[in-house]
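What follows is a set of notes on a single structure, which appears directly below.
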Amino acid sequence: MNDNLHTLRCFGCGARISGPEARSDFRCAQCGDLFEVEYTGWGQRQGPDRPNPGALKWLWRERRCSSEALDQSGVWRFRELLPILDNFGNAVSLHEGNTPLYKLRNTARMLGIDQLFAKHQGMNPTGSFKDTGMTAALSVARERGFKWVACASTGNTSAAMAAYAARAGLRSLVLIPEGKIAWGKLSQAMDYGAVTCQLKTDFDGCVSVLTQIVKEAPIYLLNSVNPYRLEGQKTPAFEIAEAFDWTVPDHLIVPGGNLANSSALGKGFRELRELGLVARVPKISVIQAEGANPLVRAFSENNGEELRPVEAQTRATAIRIGNPASWRKAAKVVRDTGGWCLDVSEAEIAIAKAEIGAEGLGCEPASAVTLAGLKKLCAQGKVAPSESVVLLLTGHTLKDADYTINFHRGTLLTEAESLGREEGVGALKRDAVVVGATPHAVLETLKGFGG
Ligand code: F0G
């Protein structure tokens with residue numbers, strides 16, 4: 001099953017096209033919806049041609065000891081389930097994936113649940129989950145002979161794209177909303193050599209400008225409307241299933257911005273079940289920031305059947321998105337798996353982020369919505385104490401150091417935002433103190449901290 005046997009199937013009208021037939025904006029020519037990669041034949045294969053679950057599990061684990069570059073990637077290690085290239089030699093890899101699954105003991109105790117884990121996608125080469133998708137889609141760009149790639153981004157996609165383009169010897173164009181992305185991410189795009197344009201608009205505005213550009217110039221679009229991105233981003237589902245010895249956790253909790261990641265993970269688990277590698281899938285819940293919650297609104301208004309864009313506002317800049325491209329796919333994942341979609345406030349995000357920091361892990365603000373959302377799900381009795389939960393942490397804590405410093409200095413939240421949560425915030429705040437340069441002065445300071 002190594003052949004490149006994929007087709008693209010429209011998520012809206014079901015039309016099927018071959019990969020190279022896709023339009024430059026990756027929208028269906030019939031209905032305008034997005035495509036999904038489909039592997040024709042997987043379902044029909046019988047006898048020796050049918051993928052053998054036991055053999056695949058063995059092979060994927062063996063590859064972890066291999067010295068081949070492709071095997072050392074946590075994405076291409078699973079290449080039998082993403083046969084999107086004619087030649088795997090075209091894969092552009094930075095050893096992405098194979099990220100840690102940490103147990104969160106203190107947080108689990110606080111919530112009264114037995115098994116709580118964090119799958120830390122911030123431990124990828126450019127510090128976010130975007131690397132797993134970028135290795136897949138940028139490899140397709142290289143195989144198809146593109147010289148330029150481009151994306152609109154809230155920061156992490158641009159960092160990942162710029163790095164992978166540099167490795168592949170391609171040029172890259174980044175469109176970001178001026179003043180609304182974290183410095184760590186902007187610095188990455190510059191350092192990896194992208195042409196970086198800050199536009200006087202928001203993320204949604206950057207997307208519409210770029211959609212016009214790719215219609216006029218031979219530039220390969222690497223936003224998550226590109227269905228190959230999702231093929232890479234589904235592989236953490238395989239890693240999670242493998243880590244649970246091919247059973248799966250009861251719940252997977254994912255932040256929601258442009259809503260590609262939740263869609264991709266849902267696809268990953270669905271394919272594992274279709275191929276007989278797992279018996280069931282986790283409930284996948286999507287958490288948004290209160291000020292950028294179009295999917296939450298759609299669920300409360302019409303069970304996620306129609307989405308009205310909103311003007312997005314949140315300090316978790318990665319998910320400051322009002323008109324998410326993949327909302328239909330994500331809504332289906334939430335419905336099909338029996339998960340939930342809810343939103344959390346700025347104070348809830350800040351507190352959850354500090355709690356993840358206090359576990360010795362840290363993450364960027366957008367990732368912390370997962371823990372803030374889990375607290376609500378527990379309070380509503382939607383997660384039982386005996387159930388296992390995985391939080392998907394999407395970005396590294398150093399991506400947005402300003403946010404963290406402002407929280408600990410007490411300058412992040414307004415009074416209105418922290419109203420009623422002063423104690424929670426106070427218990428987590430750890431400002432750096434200025435002390436005289438003597439042992440005595442430092443030891444005196446320790447007394448204030450119970451030392
Ligand atoms: N977490 C982080 C750290 C992100 O960077 C993003 C999206 C998300 C969560 C949401 O994932 O969009 O698939 O629902 N960042 C994009 C970017 C939009 O341009 O970097 P999603």
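To be explicit about the labels: the chains of the structure tokens are called A, B, and onward in the order shown, and within each one the residues are counted from 1, while ligands get numbers from 1 in the order they are shown.
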To check your reading of the model: which residues sit at most 6 Å from ligand 1 when counting only C-alpha atoms and all ligand atoms? Write the answer as a PyMOL selection string. chain A and resi 153-157+255-261+318-319+366-367+394-395
Set the distance at 8 Å and use only C-alpha atoms: which residues neighbour segment 306-308 of chain A once local chain neighbours fewer than 3 positions away are removed? I'd like the list as a CSV table (one decimal) with N, CA, C and O atoms, in the first residue's frame.
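Saved to part14.csv:
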chain,number,residue,atom,x,y,z
A,294,PRO,N,-16.8,31.5,17.0
A,294,PRO,CA,-17.9,31.2,16.0
A,294,PRO,C,-18.4,29.8,16.0
A,294,PRO,O,-19.6,29.6,15.8
A,295,LEU,N,-17.6,28.8,16.3
A,295,LEU,CA,-18.1,27.4,16.3
A,295,LEU,C,-19.0,27.2,17.5
A,295,LEU,O,-20.0,26.5,17.4
A,297,ARG,N,-20.8,29.3,19.0
A,297,ARG,CA,-22.1,30.0,18.7
A,297,ARG,C,-22.9,29.1,17.7
A,297,ARG,O,-24.1,28.9,17.9
A,298,ALA,N,-22.2,28.6,16.7
A,298,ALA,CA,-22.9,27.7,15.8
A,298,ALA,C,-23.6,26.5,16.4
A,298,ALA,O,-24.7,26.2,16.1
A,302,ASN,N,-27.5,26.2,16.2
A,302,ASN,CA,-28.1,25.3,15.2
A,302,ASN,C,-27.3,23.9,15.1
A,302,ASN,O,-27.2,23.4,14.0
A,323,ASN,N,-13.5,33.7,11.2
A,323,ASN,CA,-14.2,33.0,10.1
A,323,ASN,C,-13.4,31.7,9.7
A,323,ASN,O,-12.7,31.7,8.7
A,327,TRP,N,-14.5,24.8,9.5
A,327,TRP,CA,-15.5,24.7,10.5
A,327,TRP,C,-16.5,23.5,10.3
A,327,TRP,O,-16.9,22.8,11.2
When DSSP works through the backbone of this structure, what residues of segment 214-448 of chain A end up as alpha helix (DSSP H), shown as a VMD selection string? chain A and resid 214 to 216 227 to 233 235 to 243 260 to 274 294 to 302 327 to 337 346 to 358 365 to 379 401 to 409 415 to 418 422 to 428 439 to 447
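The nearest approach to Glu80 of chain A among the residues A:Leu391, A:Met110, A:Ala55, A:Cys31, with only C-alpha atoms taken into account, belongs to A:Ala55.
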Which residues of segment 289-356 of chain A sit at most 10 Å from segment 262-267 of chain A, using only C-alpha atoms? Give each one's shortest atom pair and distance in Å (one decimal place), in chain and ascending residue order, as a Markdown table.
| residue | atom | partner | partner_atom | distance |
| --- | --- | --- | --- | --- |
| A:Ser326 | CA | A:Ser263 | CA | 7.2 |
| A:Trp327 | CA | A:Ser263 | CA | 8.3 |
| A:Arg328 | CA | A:Ser263 | CA | 8.7 |
| A:Lys329 | CA | A:Ser263 | CA | 5.4 |
| A:Ala330 | CA | A:Ser263 | CA | 4.6 |
| A:Ala331 | CA | A:Ser263 | CA | 8.2 |
| A:Lys332 | CA | A:Ser263 | CA | 8.2 |
| A:Val333 | CA | A:Gly266 | CA | 5.5 |
| A:Val334 | CA | A:Gly266 | CA | 8.3 |
| A:Asp336 | CA | A:Gly266 | CA | 9.0 |
| A:Thr337 | CA | A:Gly266 | CA | 8.1 |
